[in-house]
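Engineer: Data file upload.txt (compact mmCIF, C-alpha atoms) is appended below.
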# COMPACT_ATOMS: atom_id res chain seq x y z
CA LEU A 1 9.26 14.12 -1.88
CA ILE A 2 6.42 16.55 -1.15
CA ASN A 3 8.51 19.51 -2.31
CA ARG A 4 9.55 17.76 -5.51
CA LYS A 5 6.28 16.13 -6.52
CA GLY A 6 3.50 17.76 -4.55
CA PRO A 7 1.47 16.42 -1.62
CA ASP A 8 -1.03 14.27 -3.54
CA GLN A 9 1.59 12.55 -5.69
CA ALA A 10 3.65 11.92 -2.56
CA LEU A 11 0.69 10.27 -0.84
CA TYR A 12 -0.12 8.23 -3.95
CA GLU A 13 3.45 7.00 -4.19
CA GLU A 14 3.84 6.17 -0.51
CA ILE A 15 0.46 4.42 -0.24
CA LEU A 16 1.37 2.29 -3.25
CA CYS A 17 4.66 1.38 -1.58
CA ALA A 18 2.87 0.56 1.67
CA LEU A 19 0.71 -1.92 -0.24
CA GLY A 20 3.74 -3.63 -1.73
CA TYR A 21 5.17 -5.05 1.50
CA LYS A 22 8.92 -5.71 1.40
CA ASN A 23 9.16 -7.72 -1.81
CA ASN A 24 7.35 -5.35 -4.17
CA LYS A 25 7.85 -1.89 -2.67
CA GLY A 26 10.32 -0.90 -5.36
CA VAL A 27 8.06 -2.05 -8.19
CA PHE A 28 5.07 -0.20 -6.74
CA ARG A 29 7.15 2.97 -6.41
CA HIS A 30 8.34 2.65 -10.00
CA LEU A 31 4.74 2.19 -11.12
CA ALA A 32 3.72 5.36 -9.26
CA ASN A 33 6.47 7.26 -11.08
CA ILE A 34 5.73 6.09 -14.63
CA LEU A 35 1.96 6.50 -14.11
CA PRO A 36 1.68 9.53 -11.81
CA LEU A 37 -1.60 10.35 -10.12
CA SER A 38 -2.31 13.38 -12.30
CA GLN A 39 -2.02 11.29 -15.47
CA LEU A 40 -4.08 8.47 -13.98
CA ILE A 41 -6.90 10.89 -13.14
CA ASP A 42 -6.65 12.73 -16.45
CA ILE A 43 -6.89 9.60 -18.61
CA SER A 44 -9.42 7.69 -16.53
CA LYS A 45 -11.69 10.70 -15.90
CA ARG A 46 -12.04 9.35 -12.35
CA ASP A 47 -13.70 6.16 -13.53
CA PRO A 48 -12.48 3.44 -11.10
CA VAL A 49 -12.57 0.59 -13.65
CA SER A 50 -10.70 2.66 -16.24
CA SER A 51 -8.21 3.69 -13.56
CA TYR A 52 -7.75 0.04 -12.57
CA ALA A 53 -7.19 -0.97 -16.19
CA LEU A 54 -4.50 1.70 -16.55
CA LEU A 55 -2.72 0.57 -13.39
CA MET A 56 -2.96 -3.11 -14.35
CA GLY A 57 -1.79 -2.53 -17.90
CA THR A 58 1.11 -0.30 -16.87
CA ALA A 59 2.07 -2.81 -14.18
CA GLY A 60 2.11 -5.65 -16.72
CA LEU A 61 -0.46 -7.59 -14.70
CA LEU A 62 -3.36 -7.79 -17.15
CA PRO A 63 -3.87 -11.45 -18.12
CA GLU A 64 -2.91 -11.94 -21.77
CA ASN A 65 -5.14 -14.98 -22.12
CA ILE A 66 -8.52 -15.68 -20.60
CA SER A 67 -8.73 -19.14 -19.08
CA PRO A 68 -11.78 -21.23 -20.10
CA LEU A 69 -12.00 -22.26 -16.43
CA TRP A 70 -12.79 -18.73 -15.25
CA ASP A 71 -16.44 -17.89 -14.70
CA ARG A 72 -18.48 -15.64 -16.98
CA LYS A 73 -18.25 -12.57 -14.76
CA THR A 74 -14.45 -12.81 -14.59
CA LYS A 75 -14.13 -13.17 -18.37
CA ARG A 76 -16.39 -10.15 -18.88
CA PHE A 77 -14.48 -8.11 -16.31
CA ILE A 78 -11.09 -8.84 -17.92
CA ARG A 79 -12.42 -8.01 -21.39
CA THR A 80 -13.67 -4.69 -20.00
CA LEU A 81 -10.22 -3.97 -18.56
CA TRP A 82 -8.62 -4.72 -21.92
CA ASP A 83 -11.12 -2.43 -23.67
CA HIS A 84 -9.91 0.41 -21.47
CA TRP A 85 -6.23 -0.50 -21.77
CA TRP A 86 -6.35 -0.63 -25.60
CA LYS A 87 -7.45 3.02 -25.56
CA ALA A 88 -4.52 4.07 -23.34
CA PRO A 89 -1.85 6.37 -24.84
CA THR A 90 0.83 4.54 -26.82
CA GLU A 91 3.63 6.17 -24.82
CA LEU A 92 2.21 4.65 -21.64
CA LYS A 93 2.07 1.18 -23.17
CA GLU A 94 5.68 1.53 -24.32
CA ILE A 95 6.95 2.04 -20.77
CA SER A 96 4.70 -0.55 -19.11
CA LEU A 97 6.42 -2.98 -16.76
CA SER A 98 7.15 -6.63 -17.29
CA SER A 99 5.14 -9.02 -15.13
CA THR A 100 8.44 -10.72 -14.23
CA LEU A 101 9.40 -7.73 -12.06
CA TRP A 102 6.78 -8.69 -9.48
CA ASN A 103 7.84 -11.03 -6.71
CA LEU A 104 4.73 -13.11 -6.11
CA SER A 105 6.37 -15.94 -4.21
CA GLY A 106 4.64 -16.65 -0.92
CA ILE A 107 2.09 -13.84 -1.31
CA ARG A 108 -1.33 -14.64 0.08
CA PRO A 109 -4.13 -14.23 -2.49
CA GLN A 110 -5.74 -11.33 -0.61
CA ASN A 111 -2.44 -9.42 -0.79
CA HIS A 112 -1.78 -9.98 -4.50
CA PRO A 113 -0.82 -6.80 -6.41
CA ARG A 114 -3.86 -7.27 -8.67
CA ARG A 115 -6.17 -6.85 -5.68
CA ARG A 116 -4.09 -4.06 -4.16
CA LEU A 117 -4.19 -2.05 -7.39
CA ALA A 118 -7.98 -2.32 -7.41
CA GLY A 119 -7.96 -0.65 -3.99
CA VAL A 120 -5.65 2.11 -5.22
CA ALA A 121 -7.82 2.72 -8.30
CA ALA A 122 -11.01 2.91 -6.26
CA PHE A 123 -9.49 5.05 -3.53
CA PHE A 124 -7.78 7.73 -5.61
CA THR A 125 -10.64 8.11 -8.08
CA SER A 126 -13.13 8.65 -5.27
CA HIS A 127 -11.13 11.37 -3.47
CA ASP A 128 -10.18 14.70 -4.96
CA ASN A 129 -7.03 16.08 -3.31
CA PHE A 130 -6.66 13.51 -0.54
CA SER A 131 -3.93 15.67 0.98
CA SER A 132 -6.44 18.48 1.58
CA ILE A 133 -8.89 16.01 3.12
CA LEU A 134 -6.23 14.81 5.55
CA LEU A 135 -5.26 18.34 6.55
CA LYS A 136 -8.89 19.23 7.23
CA LEU A 137 -9.40 16.04 9.25
CA ALA A 138 -6.27 16.88 11.27
CA GLU A 139 -8.06 19.97 12.55
CA LYS A 140 -10.69 17.81 14.21
CA GLU A 141 -10.50 16.15 17.62
CA THR A 142 -7.70 13.54 17.53
CA LYS A 143 -9.83 10.45 18.11
CA VAL A 144 -12.34 11.53 15.46
CA CYS A 145 -9.55 12.20 12.96
CA VAL A 146 -7.95 8.79 13.46
CA LYS A 147 -11.25 6.92 13.22
CA THR A 148 -12.33 8.81 10.08
CA VAL A 149 -9.03 8.32 8.24
CA LEU A 150 -8.95 4.58 9.00
CA SER A 151 -12.55 4.20 7.89
CA THR A 152 -11.85 6.15 4.70
CA LEU A 153 -8.86 3.99 3.82
CA GLU A 154 -10.87 0.79 4.29
CA LYS A 155 -14.24 1.70 2.81
CA SER A 156 -13.15 3.87 -0.12
CA SER A 157 -10.94 1.16 -1.57
CA SER A 158 -13.69 -1.27 -2.54
CA MET A 159 -14.34 -2.47 -6.09
CA HIS A 160 -17.41 -4.56 -6.80
CA TYR A 161 -15.65 -7.43 -8.58
CA TRP A 162 -12.91 -7.84 -5.95
CA ASN A 163 -15.18 -7.38 -2.94
CA HIS A 164 -16.07 -11.07 -3.08
CA ARG A 165 -13.04 -12.65 -4.77
CA LEU A 166 -9.42 -13.45 -3.97
CA SER A 167 -8.22 -14.07 -7.53
CA PHE A 168 -9.44 -14.36 -11.09
CA LYS A 169 -9.68 -18.11 -10.77
CA SER A 170 -11.36 -18.21 -7.36
CA GLU A 171 -15.07 -18.68 -6.85
CA LYS A 172 -17.20 -15.76 -5.71
CA LYS A 173 -17.41 -15.64 -1.91
CA HIS A 174 -20.60 -14.79 -0.05
CA ALA A 175 -18.76 -12.82 2.62
CA GLU A 176 -17.15 -9.53 1.63
CA ILE A 177 -13.33 -9.54 1.48
CA SER A 178 -11.62 -6.21 2.11
CA ILE A 179 -9.14 -5.06 -0.51
CA ILE A 180 -7.33 -2.85 1.96
CA GLY A 181 -8.20 -4.42 5.29
CA LYS A 182 -7.99 -3.09 8.80
CA GLU A 183 -4.39 -4.21 9.35
CA ARG A 184 -3.07 -2.64 6.14
CA ALA A 185 -5.11 0.54 6.68
CA SER A 186 -3.56 0.83 10.15
CA ALA A 187 -0.07 0.42 8.67
CA ILE A 188 -0.78 3.12 6.06
CA PHE A 189 -2.05 5.46 8.76
CA THR A 190 1.03 4.94 10.94
CA ASN A 191 3.69 4.80 8.21
CA VAL A 192 2.29 7.21 5.61
CA VAL A 193 -0.43 9.49 6.97
CA ILE A 194 1.27 10.49 10.24
CA PRO A 195 4.67 11.28 8.62
CA PHE A 196 2.82 13.18 5.87
CA LEU A 197 0.94 15.33 8.38
CA GLY A 198 4.19 15.99 10.23
CA ALA A 199 5.89 17.08 7.01
CA MET A 200 2.96 19.43 6.35
CA GLY A 201 3.47 21.17 9.70
CA VAL A 202 0.80 19.39 11.76
CA LYS A 203 1.75 18.67 15.37
CA ILE A 204 1.69 14.87 15.35
CA THR A 205 2.67 14.08 18.94
CA ARG A 206 -1.02 14.18 19.87
CA PHE A 207 -1.61 11.18 17.61
CA LEU A 208 0.88 8.89 19.33
CA ASP A 209 -1.59 7.62 21.94
CA TYR A 210 -4.12 6.88 19.22
CA LEU A 211 -1.97 4.92 16.78
CA PRO A 212 -3.73 1.66 15.82
CA LYS A 213 -2.39 -1.29 17.74
CA SER A 214 -1.10 -4.22 15.75
CA ASP A 215 0.47 -7.57 16.42
CA ASN A 216 4.23 -7.82 16.18
CA ASN A 217 5.20 -8.94 12.72
CA ARG A 218 8.20 -11.16 12.14
CA LEU A 219 10.57 -8.24 11.57
CA CYS A 220 9.47 -6.49 14.76
CA ARG A 221 9.95 -9.69 16.76
CA HIS A 222 13.40 -10.19 15.27
CA MET A 223 14.50 -6.62 16.03
CA SER A 224 13.00 -6.77 19.51
CA ASN A 225 14.95 -9.95 20.34
CA LEU A 226 18.10 -8.51 18.79
CA ILE A 227 18.05 -5.20 20.68
CA LEU A 228 16.14 -5.96 23.88
CA GLY A 229 16.79 -9.66 24.25
CA PRO A 230 14.20 -12.43 24.60
CA ASP A 231 13.39 -11.53 28.23
CA TYR A 232 12.14 -8.04 27.32
CA SER A 233 10.96 -8.38 23.72
CA HIS A 234 7.33 -8.73 24.86
CA ILE A 235 7.14 -5.03 25.79
CA THR A 236 6.78 -4.07 22.10
CA GLN A 237 3.69 -6.24 21.68
CA GLY A 238 0.76 -4.00 20.80
CA ASN A 239 2.86 -0.83 21.18
CA PRO A 240 2.91 0.90 17.77
CA VAL A 241 5.38 3.60 18.86
CA LEU A 242 8.01 1.06 19.92
CA GLN A 243 7.31 -1.04 16.83
CA GLN A 244 7.90 1.94 14.57
CA GLY A 245 11.13 2.64 16.41
CA LEU A 246 12.33 -0.92 15.81
CA LEU A 247 11.43 -0.70 12.13
CA ALA A 248 13.26 2.62 11.85
CA VAL A 249 16.40 1.06 13.36
CA TYR A 250 16.13 -1.78 10.86
CA GLU A 251 15.77 0.57 7.88
CA ASP A 252 18.49 2.98 9.02
CA PHE A 253 21.08 0.48 10.23
CA CYS A 254 20.36 -3.16 9.34
CA VAL A 255 19.60 -2.49 5.68
CA THR A 256 22.65 -0.22 5.38
CA ALA A 257 24.85 -2.91 6.93
CA GLU A 258 23.23 -5.55 4.71
CA ASN A 259 22.03 -7.39 7.86
CA ASP A 260 25.62 -7.99 8.97
CA CYS A 261 25.74 -7.02 12.67
CA ARG A 262 29.55 -6.77 12.52
CA ARG A 263 29.22 -3.82 10.12
CA CYS A 264 26.46 -2.05 12.05
CA SER A 265 27.21 1.53 13.13
CA LEU A 266 24.48 1.67 15.79
CA PRO A 267 26.67 0.55 18.76
CA GLU A 268 29.27 3.20 17.93
CA ARG A 269 26.64 5.91 17.70
CA LEU A 270 25.10 4.88 20.99
CA THR A 271 28.53 4.96 22.65
CA ARG A 272 29.13 8.51 21.37
CA SER A 273 25.69 9.61 22.55
CA PHE A 274 26.24 8.45 26.11
Take the structure in this file and express it as structure tokens.
Structural biologist:
Amino acid sequence: LINRKGPDQALYEEILCALGYKNNKGVFRHLANILPLSQLIDISKRDPVSSYALLMGTAGLLPENISPLWDRKTKRFIRTLWDHWWKAPTELKEISLSSTLWNLSGIRPQNHPRRRLAGVAAFFTSHDNFSSILLKLAEKETKVCVKTVLSTLEKSSSMHYWNHRLSFKSEKKHAEISIIGKERASAIFTNVVIPFLGAMGVKITRFLDYLPKSDNNRLCRHMSNLILGPDYSHITQGNPVLQQGLLAVYEDFCVTAENDCRRCSLPERLTRSF
């Protein structure tokens, strides 16, 4: 991907996918392809609101009608987004996605694609050549590098409107609500940043002891029980290296076998290896 599209486009695409969870990864990747980072920056002139409008419009997520129940600030914000989207190139509007492509069933409000895209817009308009930033940070002491990258992912993804709201219809909250929170920033660091640095020739083994710890998600627990059994599944709790290994097994074998254990090639490969 880096060789074909360049390091910054690769990061843009993979970070978008990481924000899509399982149900919307494909749609986020498609969005990153039809509105590449270079075009997003060129049209928006690095203005985060303009960038957000372009992402929302191309994604088919701009509300077509403004509800009378929404507050004044929300109505004004949506009109501003439309003002930017109306100025977008016609060819971009012609390839914009249908809102029906997004799987929004069961998604918590804070994880809605509308909020996630705000984080993407803010983040990539505030950083010029994020790939270069990462490579420079990788030269620093490991602990400092990890802490700085995580902080950058969290703090650079804020957008004033969404910092205190969960949806267009929700009331403004007094407490700030992260667009890309600590848990998602940790997942991006582990699943995107570390593989990217490895692909760019950075020795990544030194990062393994510093990977952010996270709770086992449902998929990790399922794979742990399946491979290790219920008596030993607890050993993956809080161990990001083992968790990533379980997720890799799932992607490489379970998905290929369409979650049918009878068709799985892993046992045969293990037998040949030993």
Engineer: Could you check the closest approach to Glu14 (chain A) for each of A:Met200, A:Val144, A:Ala187, A:Ile107 and tell me which residue wins, using all atoms listed in the file?
Structural biologist: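 Answer, going by the shortest atom-to-atom distance: A:Ala187.
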Engineer: Using only C-alpha atoms, which of A:Pro48, A:Gly6, A:Pro212, A:Gly60 sits nearest Pro36 (chain A)?
Structural biologist: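 Counting only C-alpha atoms, the residue closest to Pro36 (chain A) is A:Gly6.
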Engineer: Do you know which residues are at most 9 Å from Ser96 (chain A) counting only C-alpha atoms, after dropping those on the same chain fewer than 6 positions away, and could you put them as a PyMOL selection string?
Structural biologist: chain A and resi 31+34+57-60
Engineer: Output C-alpha atoms of each residue in that selection to a file, as a tab-separated table (two decimals), in the coordinates of the input.
Structural biologist:
chain	number	residue	atom	x	y	z
A	31	LEU	CA	4.74	2.19	-11.12
A	34	ILE	CA	5.73	6.09	-14.63
A	57	GLY	CA	-1.79	-2.53	-17.90
A	58	THR	CA	1.11	-0.30	-16.87
A	59	ALA	CA	2.07	-2.81	-14.18
A	60	GLY	CA	2.11	-5.65	-16.72
Engineer: Nearest residue to Pro109 (chain A) out of A:Ser167, A:Thr74, A:Asn24, A:Thr271, using all atoms listed in the file?
Structural biologist: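 Checking each candidate against Pro109 (chain A), we get A:Ser167 as the closest.
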Engineer: Once you count all atoms listed in the file, which residues end up no further than 9 Å from (-5.7, 13.3, 12.4) in the file's frame, shown as a ChimeraX atom specification?
Structural biologist: /A:134-149,193-194,197,202,204,206-207
Engineer: Would you list the contacts of Ser105 (chain A) as a PyMOL selection string, taking every protein, DNA or RNA residue within 10 Å and counting all atoms listed in the file, but skipping same-chain residues closer than 3 positions in sequence?
Structural biologist: chain A and resi 23+102+108
Engineer: When you draw a straight line from CA of Glu251 (chain A) to CA of Leu1 (chain A), how long is it in Å?
Structural biologist: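 Interatomic distance here is 17.9 Å.
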Engineer: Could you work out how far CA of Leu55 (chain A) lies from CA of Arg115 (chain A), giving the answer in Å with one decimal?
Structural biologist: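 A separation of 11.2 Å between them.
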Engineer: Counting all atoms listed in the file, write as a PyMOL selection string all protein and nucleic acid residues lying at most 12 Å from (16.6, -0.7, 13.9) in the file's frame.
Structural biologist: chain A and resi 219-228+242-257+259+261+264-267
Engineer: Print the selection's residues with C-alpha atoms to a file, as a JSON list (two decimals), in the frame of the given file.
Structural biologist:
[["chain", "number", "residue", "atom", "x", "y", "z"],
["A", 219, "LEU", "CA", 10.57, -8.24, 11.57],
["A", 220, "CYS", "CA", 9.47, -6.49, 14.76],
["A", 221, "ARG", "CA", 9.95, -9.69, 16.76],
["A", 222, "HIS", "CA", 13.40, -10.19, 15.27],
["A", 223, "MET", "CA", 14.50, -6.62, 16.03],
["A", 224, "SER", "CA", 13.00, -6.77, 19.51],
["A", 225, "ASN", "CA", 14.95, -9.95, 20.34],
["A", 226, "LEU", "CA", 18.10, -8.51, 18.79],
["A", 227, "ILE", "CA", 18.05, -5.20, 20.68],
["A", 228, "LEU", "CA", 16.14, -5.96, 23.88],
["A", 242, "LEU", "CA", 8.01, 1.06, 19.92],
["A", 243, "GLN", "CA", 7.31, -1.04, 16.83],
["A", 244, "GLN", "CA", 7.90, 1.94, 14.57],
["A", 245, "GLY", "CA", 11.13, 2.64, 16.41],
["A", 246, "LEU", "CA", 12.33, -0.92, 15.81],
["A", 247, "LEU", "CA", 11.43, -0.70, 12.13],
["A", 248, "ALA", "CA", 13.26, 2.62, 11.85],
["A", 249, "VAL", "CA", 16.40, 1.06, 13.36],
["A", 250, "TYR", "CA", 16.13, -1.78, 10.86],
["A", 251, "GLU", "CA", 15.77, 0.57, 7.88],
["A", 252, "ASP", "CA", 18.49, 2.98, 9.02],
["A", 253, "PHE", "CA", 21.08, 0.48, 10.23],
["A", 254, "CYS", "CA", 20.36, -3.16, 9.34],
["A", 255, "VAL", "CA", 19.60, -2.49, 5.68],
["A", 256, "THR", "CA", 22.65, -0.22, 5.38],
["A", 257, "ALA", "CA", 24.85, -2.91, 6.93],
["A", 259, "ASN", "CA", 22.03, -7.39, 7.86],
["A", 261, "CYS", "CA", 25.74, -7.02, 12.67],
["A", 264, "CYS", "CA", 26.46, -2.05, 12.05],
["A", 265, "SER", "CA", 27.21, 1.53, 13.13],
["A", 266, "LEU", "CA", 24.48, 1.67, 15.79],
["A", 267, "PRO", "CA", 26.67, 0.55, 18.76]]
Engineer: Please compute the CA of Ser186 (chain A)-CA of Tyr232 (chain A) distance, one decimal, in Å.
Structural biologist: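 Atom-to-atom, CA of Ser186 (chain A) to CA of Tyr232 (chain A), that is 24.9 Å.
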Engineer: Between A:Glu268, A:Asp260, A:Val27, A:Leu35, single out the one closest to Lys93 (chain A), counting only C-alpha atoms.
Structural biologist: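 Among A:Glu268, A:Asp260, A:Val27, A:Leu35, it is A:Leu35 that comes nearest to Lys93 (chain A).
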Engineer: So that I can see what lies close to region 121-127 of chain A, please list as a PyMOL selection string the residues with an atom at most 7 Å from it, counting all atoms listed in the file and leaving out residues fewer than 2 positions away in the same chain.
Structural biologist: chain A and resi 41+46-48+51-52+117-119+129-130+156-159
Engineer: Which one is closest to Lys169 (chain A): A:Glu64, A:Glu154, A:Asp71, A:Glu94? Count all atoms listed in the file.
Structural biologist: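 For Lys169 (chain A), the nearest of the given residues is A:Asp71.
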Engineer: I want to know what sits within 7 Å of Ala185 (chain A), based on all atoms listed in the file, with residues of the same chain fewer than 3 positions away left out; could you give that as a ChimeraX atom specification?
Structural biologist: /A:150,153-154,180-182,188-189
Engineer: Find the spatial neighbours of Phe77 (chain A), counting only C-alpha atoms, within a cut-off of 10 Å - ignore same-chain residues fewer than 4 positions away - and output them as a list in words.
Structural biologist: Val49, Arg72, Lys73, Leu81, Trp82, Asp83, Tyr161 and Phe168 of chain A
Engineer: Given all atoms listed in the file as the basis, pick out the residue of A:Arg184, A:Arg272, A:Arg79, A:His174 nearest to Asn111 (chain A).
Structural biologist: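 Ranked by minimum distance to Asn111 (chain A), first place goes to A:Arg184.
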